[in-house]
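Here is the file coords_14.tsv (TSV, C-alpha atoms).
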chain	number	residue	atom	x	y	z
A	1	MET	CA	63.87	-142.28	-78.14
A	2	THR	CA	65.86	-139.87	-76.03
A	3	PHE	CA	64.97	-139.07	-72.42
A	4	THR	CA	67.05	-136.33	-70.91
A	5	LEU	CA	66.87	-134.40	-67.67
A	6	THR	CA	70.44	-133.25	-67.41
A	7	ARG	CA	72.44	-130.78	-65.41
A	8	ARG	CA	71.91	-128.34	-68.31
A	9	ALA	CA	68.14	-128.65	-67.96
A	10	LEU	CA	68.38	-128.28	-64.21
A	11	MET	CA	70.56	-125.21	-64.46
A	12	ALA	CA	68.49	-123.46	-67.15
A	13	ALA	CA	65.91	-122.02	-64.78
A	14	ALA	CA	68.55	-121.05	-62.25
A	15	THR	CA	70.80	-119.37	-64.82
A	16	ALA	CA	68.02	-117.12	-66.06
A	17	THR	CA	67.15	-115.96	-62.56
A	18	LEU	CA	70.67	-115.53	-61.22
A	19	ALA	CA	71.08	-112.60	-63.59
A	20	LEU	CA	68.40	-110.81	-61.59
A	21	GLY	CA	70.60	-110.91	-58.51
A	22	ALA	CA	70.38	-113.04	-55.38
A	23	PRO	CA	68.70	-111.75	-52.24
A	24	ALA	CA	70.95	-110.02	-49.73
A	25	MET	CA	72.69	-112.38	-47.36
A	26	ALA	CA	72.93	-111.85	-43.64
A	27	GLU	CA	76.72	-111.87	-43.60
A	28	ASP	CA	77.13	-111.34	-39.86
A	29	MET	CA	74.40	-113.65	-38.65
A	30	ALA	CA	75.71	-116.85	-37.13
A	31	VAL	CA	73.65	-120.04	-37.15
A	32	ASP	CA	73.93	-121.75	-33.79
A	33	SER	CA	72.15	-124.95	-34.80
A	34	ILE	CA	70.07	-126.60	-37.51
A	35	HIS	CA	67.69	-129.51	-37.06
A	36	PHE	CA	67.49	-131.47	-40.31
A	37	LEU	CA	64.16	-133.17	-41.02
A	38	ILE	CA	64.57	-136.14	-43.37
A	39	PRO	CA	61.33	-137.39	-45.03
A	40	GLY	CA	62.57	-140.99	-45.46
A	41	GLY	CA	64.48	-143.71	-43.67
A	42	ALA	CA	68.20	-144.14	-43.12
A	43	GLY	CA	70.41	-144.90	-46.08
A	44	GLY	CA	68.45	-142.97	-48.70
A	45	GLY	CA	69.42	-139.97	-50.81
A	46	TRP	CA	67.61	-137.50	-48.56
A	47	ASP	CA	69.37	-138.96	-45.53
A	48	GLY	CA	72.78	-138.72	-47.18
A	49	THR	CA	72.21	-135.18	-48.40
A	50	ALA	CA	71.04	-133.88	-45.02
A	51	ARG	CA	73.82	-135.58	-43.08
A	52	GLY	CA	76.50	-134.62	-45.61
A	53	THR	CA	75.37	-130.99	-45.59
A	54	GLY	CA	75.25	-130.95	-41.80
A	55	GLU	CA	78.72	-132.47	-41.66
A	56	ALA	CA	80.19	-129.82	-43.96
A	57	LEU	CA	78.44	-126.90	-42.25
A	58	THR	CA	79.55	-127.88	-38.76
A	59	LYS	CA	83.10	-128.92	-39.65
A	60	ALA	CA	83.57	-125.66	-41.55
A	61	GLY	CA	82.38	-123.69	-38.53
A	62	LEU	CA	79.39	-122.17	-40.34
A	63	VAL	CA	76.87	-123.84	-38.01
A	64	GLY	CA	77.38	-124.68	-34.36
A	65	THR	CA	75.58	-128.01	-34.18
A	66	ALA	CA	73.42	-130.16	-36.45
A	67	SER	CA	70.81	-132.74	-35.46
A	68	PHE	CA	68.91	-135.15	-37.68
A	69	GLU	CA	65.45	-136.70	-37.60
A	70	ASN	CA	64.15	-139.37	-39.99
A	71	MET	CA	60.37	-139.16	-40.49
A	72	SER	CA	59.23	-141.74	-43.02
A	73	GLY	CA	55.76	-142.03	-44.46
A	74	GLY	CA	53.69	-141.23	-47.51
A	75	GLY	CA	56.61	-140.90	-49.88
A	76	GLY	CA	57.73	-137.83	-47.95
A	77	GLY	CA	54.22	-136.51	-47.33
A	78	LYS	CA	54.26	-137.17	-43.59
A	79	ALA	CA	57.25	-134.89	-43.01
A	80	ILE	CA	55.85	-132.16	-45.25
A	81	GLY	CA	52.53	-132.24	-43.40
A	82	TYR	CA	54.30	-132.20	-40.04
A	83	LEU	CA	56.39	-129.17	-40.97
A	84	ILE	CA	53.33	-127.26	-42.18
A	85	GLU	CA	51.15	-128.18	-39.21
A	86	ASN	CA	53.86	-127.34	-36.67
A	87	ALA	CA	55.35	-124.35	-38.46
A	88	ASP	CA	55.68	-121.98	-35.51
A	89	SER	CA	57.73	-124.42	-33.45
A	90	ASN	CA	60.04	-125.44	-36.30
A	91	HIS	CA	61.87	-122.27	-37.24
A	92	GLY	CA	65.09	-124.09	-36.40
A	93	THR	CA	64.33	-126.91	-38.85
A	94	LEU	CA	65.33	-127.43	-42.46
A	95	MET	CA	63.71	-130.26	-44.40
A	96	VAL	CA	65.59	-131.85	-47.26
A	97	ASN	CA	63.63	-132.75	-50.37
A	98	SER	CA	64.10	-133.26	-54.09
A	99	THR	CA	62.32	-134.12	-57.33
A	100	PRO	CA	59.64	-136.24	-55.55
A	101	ILE	CA	58.05	-133.14	-54.01
A	102	VAL	CA	57.27	-132.08	-57.59
A	103	ILE	CA	56.31	-135.56	-58.81
A	104	ARG	CA	53.94	-136.35	-55.96
A	105	SER	CA	52.11	-133.04	-56.20
A	106	LEU	CA	51.72	-133.43	-59.98
A	107	THR	CA	50.08	-136.83	-59.48
A	108	GLY	CA	47.77	-135.43	-56.79
A	109	VAL	CA	49.12	-137.67	-54.03
A	110	PHE	CA	50.31	-134.76	-51.89
A	111	PRO	CA	47.73	-132.20	-50.77
A	112	HIS	CA	50.66	-129.75	-50.63
A	113	ASN	CA	53.47	-128.69	-52.93
A	114	PHE	CA	56.71	-126.75	-52.68
A	115	ARG	CA	54.81	-123.43	-52.71
A	116	ASP	CA	53.36	-124.28	-49.29
A	117	LEU	CA	56.83	-124.25	-47.72
A	118	THR	CA	59.59	-121.67	-47.40
A	119	MET	CA	62.03	-122.30	-50.22
A	120	VAL	CA	65.50	-121.87	-48.73
A	121	ALA	CA	68.06	-123.20	-51.21
A	122	GLY	CA	68.78	-125.86	-53.79
A	123	THR	CA	72.15	-127.45	-53.09
A	124	ILE	CA	73.16	-130.45	-55.19
A	125	GLY	CA	72.31	-132.80	-58.02
A	126	ASP	CA	72.68	-136.56	-57.76
A	127	TYR	CA	72.73	-138.87	-60.76
A	128	ALA	CA	70.65	-142.05	-60.76
A	129	ALA	CA	72.05	-145.56	-61.07
A	130	ILE	CA	70.87	-149.09	-61.71
A	131	VAL	CA	72.67	-151.62	-59.53
A	132	VAL	CA	72.61	-155.38	-58.98
A	133	GLY	CA	73.93	-157.63	-56.23
A	134	LYS	CA	77.60	-158.56	-56.19
A	135	ASP	CA	76.83	-162.20	-57.06
A	136	SER	CA	74.26	-161.44	-59.75
A	137	PRO	CA	74.90	-162.94	-63.21
A	138	ILE	CA	73.84	-159.53	-64.58
A	139	ASN	CA	76.87	-157.37	-65.37
A	140	SER	CA	75.53	-154.72	-67.72
A	141	MET	CA	72.35	-153.03	-68.87
A	142	SER	CA	72.22	-155.37	-71.86
A	143	ASP	CA	72.23	-158.33	-69.44
A	144	LEU	CA	69.38	-156.75	-67.47
A	145	ILE	CA	67.35	-156.10	-70.62
A	146	ALA	CA	67.93	-159.69	-71.76
A	147	ALA	CA	66.79	-161.03	-68.37
A	148	TYR	CA	63.72	-158.81	-68.52
A	149	LYS	CA	62.84	-160.02	-72.02
A	150	ALA	CA	63.18	-163.64	-70.88
A	151	ASP	CA	61.11	-163.21	-67.71
A	152	PRO	CA	59.44	-159.79	-67.35
A	153	ARG	CA	57.55	-160.54	-64.13
A	154	GLY	CA	60.52	-162.29	-62.55
A	155	THR	CA	62.85	-159.39	-63.23
A	156	ALA	CA	61.57	-156.90	-60.69
A	157	ILE	CA	63.28	-153.56	-60.21
A	158	GLY	CA	63.05	-152.01	-56.75
A	159	GLY	CA	63.48	-148.50	-55.45
A	160	GLY	CA	63.37	-146.44	-52.31
A	161	SER	CA	60.32	-144.44	-53.37
A	162	VAL	CA	56.62	-145.11	-53.90
A	163	PRO	CA	55.13	-146.26	-57.24
A	164	GLY	CA	55.22	-143.33	-59.61
A	165	GLY	CA	57.99	-141.76	-57.51
A	166	MET	CA	61.55	-140.80	-58.29
A	167	ASP	CA	63.20	-144.23	-58.50
A	168	HIS	CA	60.24	-145.67	-60.43
A	169	LEU	CA	60.35	-142.77	-62.88
A	170	VAL	CA	64.06	-143.32	-63.54
A	171	ALA	CA	63.62	-147.08	-64.04
A	172	ALA	CA	60.74	-146.48	-66.43
A	173	MET	CA	62.68	-143.81	-68.32
A	174	VAL	CA	65.69	-146.08	-68.77
A	175	MET	CA	63.61	-149.09	-69.81
A	176	LYS	CA	61.66	-147.07	-72.36
A	177	ALA	CA	64.86	-145.65	-73.80
A	178	ALA	CA	66.00	-149.28	-74.14
A	179	GLY	CA	62.89	-150.04	-76.20
A	180	GLU	CA	60.69	-151.62	-73.53
A	181	ASN	CA	57.20	-150.64	-72.37
A	182	PRO	CA	57.79	-148.65	-69.15
A	183	THR	CA	54.31	-149.29	-67.76
A	184	GLU	CA	54.87	-153.06	-67.81
A	185	VAL	CA	58.07	-153.05	-65.76
A	186	LYS	CA	57.49	-154.67	-62.35
A	187	TYR	CA	58.51	-152.07	-59.79
A	188	ILE	CA	58.62	-152.84	-56.04
A	189	PRO	CA	58.77	-149.85	-53.65
A	190	TYR	CA	60.59	-149.73	-50.31
A	191	ASP	CA	60.87	-147.16	-47.54
A	192	ALA	CA	64.03	-145.34	-48.58
A	193	GLY	CA	67.24	-146.60	-50.08
A	194	GLY	CA	68.47	-148.65	-47.12
A	195	MET	CA	65.54	-151.08	-47.18
A	196	ALA	CA	65.62	-151.22	-50.98
A	197	MET	CA	69.31	-152.13	-50.89
A	198	ALA	CA	68.58	-154.86	-48.34
A	199	ALA	CA	65.94	-156.29	-50.69
A	200	LEU	CA	68.49	-156.34	-53.50
A	201	LEU	CA	71.12	-158.10	-51.41
A	202	SER	CA	68.57	-160.70	-50.29
A	203	GLY	CA	67.56	-161.46	-53.88
A	204	GLU	CA	64.01	-160.14	-53.49
A	205	ILE	CA	64.56	-157.90	-56.52
A	206	LYS	CA	66.86	-158.34	-59.52
A	207	ALA	CA	67.98	-154.74	-59.79
A	208	LEU	CA	67.68	-151.48	-57.90
A	209	SER	CA	67.02	-147.97	-59.15
A	210	THR	CA	68.72	-145.60	-56.74
A	211	GLY	CA	70.79	-142.45	-56.36
A	212	PHE	CA	74.35	-142.76	-57.60
A	213	SER	CA	75.76	-141.48	-54.31
A	214	GLU	CA	73.86	-144.18	-52.40
A	215	ALA	CA	75.30	-146.86	-54.68
A	216	ILE	CA	78.92	-145.73	-54.43
A	217	ASP	CA	79.51	-146.80	-50.82
A	218	LEU	CA	78.02	-150.25	-51.42
A	219	ALA	CA	79.99	-150.68	-54.63
A	220	ASN	CA	83.23	-149.65	-52.90
A	221	ALA	CA	82.46	-152.23	-50.21
A	222	GLY	CA	81.99	-154.89	-52.89
A	223	GLU	CA	78.31	-155.44	-52.07
A	224	VAL	CA	76.84	-154.34	-55.40
A	225	LYS	CA	77.74	-153.78	-59.05
A	226	ILE	CA	76.72	-150.50	-60.67
A	227	ILE	CA	75.61	-151.47	-64.18
A	228	GLY	CA	74.56	-148.05	-65.41
A	229	VAL	CA	74.60	-144.39	-64.36
A	230	THR	CA	72.46	-141.62	-65.84
A	231	ALA	CA	75.29	-139.10	-66.29
A	232	ASP	CA	76.38	-137.91	-69.72
A	233	ASP	CA	79.98	-138.82	-68.88
A	234	ARG	CA	81.62	-141.11	-66.36
A	235	VAL	CA	81.72	-139.67	-62.83
A	236	PRO	CA	85.14	-139.53	-61.12
A	237	ALA	CA	83.68	-140.60	-57.76
A	238	TYR	CA	83.18	-144.08	-59.29
A	239	ALA	CA	84.72	-144.05	-62.75
A	240	ASP	CA	84.21	-147.80	-63.32
A	241	ALA	CA	80.45	-147.26	-63.69
A	242	MET	CA	79.45	-147.10	-67.34
A	243	THR	CA	76.90	-144.51	-68.40
A	244	MET	CA	73.60	-145.51	-69.98
A	245	LYS	CA	74.67	-143.75	-73.17
A	246	GLU	CA	77.85	-145.82	-73.40
A	247	GLN	CA	75.61	-148.88	-73.48
A	248	GLY	CA	73.32	-147.60	-76.22
A	249	ILE	CA	70.55	-146.33	-73.91
A	250	ASP	CA	69.99	-142.65	-74.65
A	251	ALA	CA	68.79	-141.56	-71.21
A	252	SER	CA	70.29	-139.11	-68.74
A	253	PHE	CA	68.99	-137.73	-65.47
A	254	VAL	CA	70.14	-135.76	-62.44
A	255	ASN	CA	67.98	-135.34	-59.35
A	256	TRP	CA	68.24	-131.98	-57.56
A	257	ARG	CA	68.12	-131.84	-53.78
A	258	GLY	CA	67.59	-128.82	-51.58
A	259	PHE	CA	66.24	-127.48	-48.31
A	260	PHE	CA	62.91	-126.05	-47.21
A	261	GLY	CA	61.78	-124.27	-44.07
A	262	ALA	CA	58.39	-124.13	-42.43
A	263	PRO	CA	55.83	-121.71	-43.88
A	264	GLY	CA	56.17	-118.30	-42.28
A	265	LEU	CA	59.87	-118.78	-41.50
A	266	PRO	CA	61.17	-115.33	-40.41
A	267	GLU	CA	63.13	-113.57	-43.13
A	268	GLU	CA	66.19	-113.08	-40.93
A	269	ARG	CA	66.30	-116.80	-40.11
A	270	LYS	CA	65.92	-117.74	-43.78
A	271	ALA	CA	68.67	-115.30	-44.77
A	272	ALA	CA	71.01	-116.78	-42.15
A	273	TYR	CA	70.44	-120.30	-43.49
A	274	GLN	CA	70.98	-119.11	-47.05
A	275	ALA	CA	74.20	-117.31	-46.12
A	276	ALA	CA	75.62	-120.39	-44.36
A	277	ILE	CA	74.79	-122.66	-47.31
A	278	ALA	CA	76.26	-120.18	-49.82
A	279	LYS	CA	79.53	-119.95	-47.85
A	280	MET	CA	79.69	-123.74	-47.56
A	281	TYR	CA	80.49	-124.17	-51.26
A	282	ASP	CA	83.90	-122.50	-50.87
A	283	THR	CA	85.04	-124.78	-48.04
A	284	PRO	CA	87.25	-127.87	-48.33
A	285	GLU	CA	84.86	-129.61	-45.95
A	286	TRP	CA	82.06	-129.35	-48.52
A	287	GLU	CA	84.27	-130.38	-51.41
A	288	GLU	CA	85.22	-133.53	-49.51
A	289	VAL	CA	81.55	-134.41	-48.98
A	290	ARG	CA	80.57	-133.52	-52.55
A	291	ALA	CA	83.39	-135.46	-54.22
A	292	ARG	CA	82.85	-138.49	-51.98
A	293	ASN	CA	79.24	-138.71	-53.10
A	294	GLY	CA	79.71	-137.81	-56.76
A	295	TRP	CA	77.30	-134.88	-56.46
A	296	VAL	CA	76.97	-131.94	-58.82
A	297	ASN	CA	76.87	-128.45	-57.29
A	298	ILE	CA	73.51	-126.88	-58.17
A	299	HIS	CA	73.06	-123.87	-55.92
A	300	ASN	CA	70.10	-121.50	-56.12
A	301	SER	CA	68.62	-119.55	-53.27
A	302	GLY	CA	65.31	-117.93	-52.32
A	303	GLU	CA	63.45	-116.55	-55.34
A	304	ASP	CA	65.97	-118.21	-57.64
A	305	PHE	CA	65.11	-121.54	-56.04
A	306	GLU	CA	61.39	-120.88	-56.55
A	307	LYS	CA	61.85	-120.09	-60.24
A	308	PHE	CA	64.07	-123.15	-60.61
A	309	LEU	CA	61.35	-125.36	-59.08
A	310	GLU	CA	58.70	-123.89	-61.35
A	311	GLY	CA	60.88	-124.77	-64.32
A	312	GLN	CA	61.41	-128.28	-62.98
A	313	GLU	CA	57.65	-128.69	-62.57
A	314	GLU	CA	57.19	-128.13	-66.29
A	315	VAL	CA	60.08	-130.43	-67.28
A	316	ILE	CA	58.94	-133.26	-64.97
A	317	LYS	CA	55.30	-132.92	-66.06
A	318	SER	CA	56.31	-133.29	-69.71
A	319	LEU	CA	58.53	-136.30	-68.94
A	320	MET	CA	55.81	-138.03	-66.91
A	321	GLN	CA	53.29	-137.50	-69.70
A	322	GLU	CA	55.72	-139.04	-72.19
A	323	LEU	CA	56.21	-142.06	-69.93
A	324	GLY	CA	52.48	-142.54	-69.33
A	325	PHE	CA	52.46	-141.56	-65.63
A	326	LEU	CA	50.10	-138.61	-66.18
Any chance you could give the structure as structure tokens?
Amino acid sequence: MTFTLTRRALMAAATATLALGAPAMAEDMAVDSIHFLIPGGAGGGWDGTARGTGEALTKAGLVGTASFENMSGGGGGKAIGYLIENADSNHGTLMVNSTPIVIRSLTGVFPHNFRDLTMVAGTIGDYAAIVVGKDSPINSMSDLIAAYKADPRGTAIGGGSVPGGMDHLVAAMVMKAAGENPTEVKYIPYDAGGMAMAALLSGEIKALSTGFSEAIDLANAGEVKIIGVTADDRVPAYADAMTMKEQGIDASFVNWRGFFGAPGLPEERKAAYQAAIAKMYDTPEWEEVRARNGWVNIHNSGEDFEKFLEGQEEVIKSLMQELGFL
């Protein structure tokens, strides 16, 4: 069985809407500062995306200063609730989020969804990866599947998101594509990628489902082995990582990430943020950050971002129904 949520699927909604024309940008409006609100702990994909974007914007001179705040809790729900409840005092804040904001609202865990926020811009896509510790006897997806068959309950897969969340969904998708029952896989959640990686290195879990960009730094440092990535082709940022498809597992996935403002964000402020992000893509500072992390550029802004998210909602809902999560 094939499970695919590829760059093509992600871009489909954006491509259709881009033809309608993007909203006018505030070309002459400078952004003095941005406070990035990160809904999870340090070391996760949200953390890396916010800090990487802030780095590129400030180094390129598009934003004066950037500050960062990690606010863990509720699989991202705490930060979303905070931004909504304190909207008037957070016009200088952008919150990073991604596929989980769709997943958690579909499952009814969040009382809010992306429509309750100001949709500023989608920025990147990040592939998913399955990794193991550097000293693990597991060296490939076939080794992991064999270990799982031999001891299903002893072969736990961890992730930096709640049960039914992004990392769990990817692990289940990959295991089902490999012929296993995705609802029987033992998944252990942690608060963001940093804690999940610590659990892997301590031997608490056998494998970790995580963002590819999060895995690259640890793999380069020799701490982990990337045994499978959900890209269609090998990614230059870490070309040694085999794709799932190369290993006979017909599954691909890319997780979008983007930025949201508080509800009621003034139009001129939103336009300034959108203009800065749009200009960022043409800078060498952004290309350095993007290439380092193995990200895919997926840029859509304002109404285009909203239509893109509506399309993602339908795709994710269908995938979750196939995997038995809805």
To one decimal in Å, tell me the separation between CA of Glu184 in chain A and CA of Arg153 in chain A.
8.8 Å
Counting all atoms listed in the file, which residues of range 227-270 of chain A sit at most 12 Å from some atom of range 214-217 of chain A, and what is each one's closest atom pair with its distance in Å to one decimal, listed by chain and rising residue number, as CSV?
residue,atom,partner,partner_atom,distance
A:Ile227,CA,A:Ala215,CA,10.6
A:Gly228,CA,A:Ala215,CA,10.8
A:Val229,CA,A:Ala215,CA,10.0
A:Val235,CA,A:Ile216,CA,10.7
A:Pro236,CA,A:Ile216,CA,11.0
A:Ala237,CA,A:Ile216,CA,7.8
A:Tyr238,CA,A:Ile216,CA,6.7
A:Ala239,CA,A:Ile216,CA,10.3
A:Asp240,CA,A:Ile216,CA,10.5
A:Ala241,CA,A:Ile216,CA,9.5
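Closest approach to Asp167 in chain A among A:Gly52, A:Val31, A:Ala196, A:Phe305: A:Ala196, based on all atoms listed in the file.
Going from CA of Tyr281 in chain A over to CA of Tyr127 in chain A, you cover 19.1 Å.
The shell of residues at most 12 Å from Ala146 in chain A, with only C-alpha atoms counted and near chain neighbours (fewer than 5 positions) removed, consists of Pro137, Ile138, Asn139, Ser140, Met141, Asp151, Pro152, Thr155, Met175, Ala178, Gly179 and Glu180 of chain A.
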I'd like the neighbourhood of His168 in chain A as an NGL selection string, where a residue qualifies if any of its atoms comes within 9 Å (using only C-alpha atoms), though same-chain residues fewer than 2 positions away should be ignored.
:A and (157-166 or 170-173 or 187-189 or 209)
May I have a table of the residues of range 37-56 of chain A lying at most 6 Å from range 72-89 of chain A, giving each one's closest pair of atoms and their distance in Å to one decimal, counting all atoms listed in the file, ordered by chain and ascending residue number, as a tab-separated table?
residue	atom	partner	partner_atom	distance
A:Pro39	CA	A:Gly76	CA	4.7
A:Gly40	CA	A:Ser72	CA	4.2
A:Gly41	CA	A:Ser72	CA	5.6
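Considering the residues A:Ala198, A:Val315, A:Val131, A:Leu208 and counting all atoms listed in the file, Leu106 in chain A has its shortest atom-to-atom contact with A:Val315.
Shortest atom-to-atom contact with Ala30 in chain A among A:Asn293, A:Gln274, A:Thr53, A:Ser105: A:Gln274, counting all atoms listed in the file.
Picture a line from CA of Ala276 in chain A to CA of Leu62 in chain A; it runs 5.8 Å.
Candidate residues A:Ile298, A:Ala271, A:Ala128, A:Leu323 were compared for distance to Ser252 in chain A, and the nearest is A:Ala128, using all atoms listed in the file.
Remark: for Gly211 in chain A, the closest of the candidate residues A:Ala251, A:Met195, A:Ile130, A:Ala42 is A:Ile130 (distances computed over only C-alpha atoms).
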With distances taken over all atoms listed in the file, the candidate from A:Ala60, A:Ala129, A:Ser67, A:Leu309 nearest Ala231 in chain A is A:Ala129
Name the residues in contact with Val296 in chain A at a cut-off of 9 Å, using all atoms listed in the file, excluding same-chain residues fewer than 4 positions from it; report them as a PyMOL selection string.
chain A and resi 7+123-127+254+256+290-291
Within 10 Å of range 112-122 of chain A, counting all atoms listed in the file, which residues qualify if same-chain residues fewer than 5 places away don't, as a ChimeraX atom specification?
/A:14,77,80-81,83-84,87,94-98,101-106,256-267,270-275,277-278,297-306,308-310
Env of Ile34 in chain A: 9 Å cut, atoms = all atoms listed in the file, seq-sep filter 4 positions within chain, self excluded. Answer as a ChimeraX atom specification.
/A:54,63-68,92-94,273
Using the partial input, fill out range 268-290 of chain A with N, CA and C atoms; write the result as a CSV table (one decimal), in the coordinates of the input.
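This is the output file part_27.csv:
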chain,number,residue,atom,x,y,z
A,268,GLU,N,64.8,-113.1,-41.4
A,268,GLU,CA,66.2,-113.1,-40.9
A,268,GLU,C,66.7,-114.5,-40.7
A,269,ARG,N,65.9,-115.4,-40.3
A,269,ARG,CA,66.3,-116.8,-40.1
A,269,ARG,C,66.6,-117.4,-41.5
A,270,LYS,N,65.7,-117.2,-42.4
A,270,LYS,CA,65.9,-117.7,-43.8
A,270,LYS,C,67.2,-117.2,-44.4
A,271,ALA,N,67.5,-115.9,-44.2
A,271,ALA,CA,68.7,-115.3,-44.8
A,271,ALA,C,69.9,-115.9,-44.1
A,272,ALA,N,69.9,-116.2,-42.8
A,272,ALA,CA,71.0,-116.8,-42.2
A,272,ALA,C,71.3,-118.2,-42.7
A,273,TYR,N,70.3,-119.0,-42.9
A,273,TYR,CA,70.4,-120.3,-43.5
A,273,TYR,C,71.0,-120.2,-44.9
A,274,GLN,N,70.5,-119.3,-45.7
A,274,GLN,CA,71.0,-119.1,-47.0
A,274,GLN,C,72.4,-118.7,-47.1
A,275,ALA,N,72.8,-117.8,-46.2
A,275,ALA,CA,74.2,-117.3,-46.1
A,275,ALA,C,75.1,-118.4,-45.8
A,276,ALA,N,74.8,-119.3,-44.8
A,276,ALA,CA,75.6,-120.4,-44.4
A,276,ALA,C,75.8,-121.4,-45.5
A,277,ILE,N,74.7,-121.7,-46.2
A,277,ILE,CA,74.8,-122.7,-47.3
A,277,ILE,C,75.6,-122.1,-48.4
A,278,ALA,N,75.5,-120.8,-48.7
A,278,ALA,CA,76.3,-120.2,-49.8
A,278,ALA,C,77.7,-120.2,-49.5
A,279,LYS,N,78.1,-119.9,-48.3
A,279,LYS,CA,79.5,-120.0,-47.8
A,279,LYS,C,80.1,-121.4,-47.9
A,280,MET,N,79.3,-122.3,-47.6
A,280,MET,CA,79.7,-123.7,-47.6
A,280,MET,C,80.4,-124.2,-48.8
A,281,TYR,N,79.9,-123.7,-50.0
A,281,TYR,CA,80.5,-124.2,-51.3
A,281,TYR,C,82.0,-123.9,-51.4
A,282,ASP,N,82.5,-122.9,-50.7
A,282,ASP,CA,83.9,-122.5,-50.9
A,282,ASP,C,84.8,-123.2,-49.8
A,283,THR,N,84.3,-124.1,-49.1
A,283,THR,CA,85.0,-124.8,-48.0
A,283,THR,C,85.6,-126.1,-48.5
A,284,PRO,N,86.7,-126.5,-48.0
A,284,PRO,CA,87.2,-127.9,-48.3
A,284,PRO,C,86.4,-129.0,-47.7
A,285,GLU,N,85.7,-128.6,-46.6
A,285,GLU,CA,84.9,-129.6,-46.0
A,285,GLU,C,83.7,-130.0,-46.9
A,286,TRP,N,83.1,-129.0,-47.6
A,286,TRP,CA,82.1,-129.4,-48.5
A,286,TRP,C,82.6,-130.1,-49.7
A,287,GLU,N,83.7,-129.7,-50.2
A,287,GLU,CA,84.3,-130.4,-51.4
A,287,GLU,C,84.6,-131.8,-51.1
A,288,GLU,N,85.0,-132.1,-49.9
A,288,GLU,CA,85.2,-133.5,-49.5
A,288,GLU,C,83.9,-134.3,-49.5
A,289,VAL,N,82.8,-133.7,-49.0
A,289,VAL,CA,81.6,-134.4,-49.0
A,289,VAL,C,81.0,-134.6,-50.4
A,290,ARG,N,81.1,-133.5,-51.2
A,290,ARG,CA,80.6,-133.5,-52.6
A,290,ARG,C,81.3,-134.6,-53.4
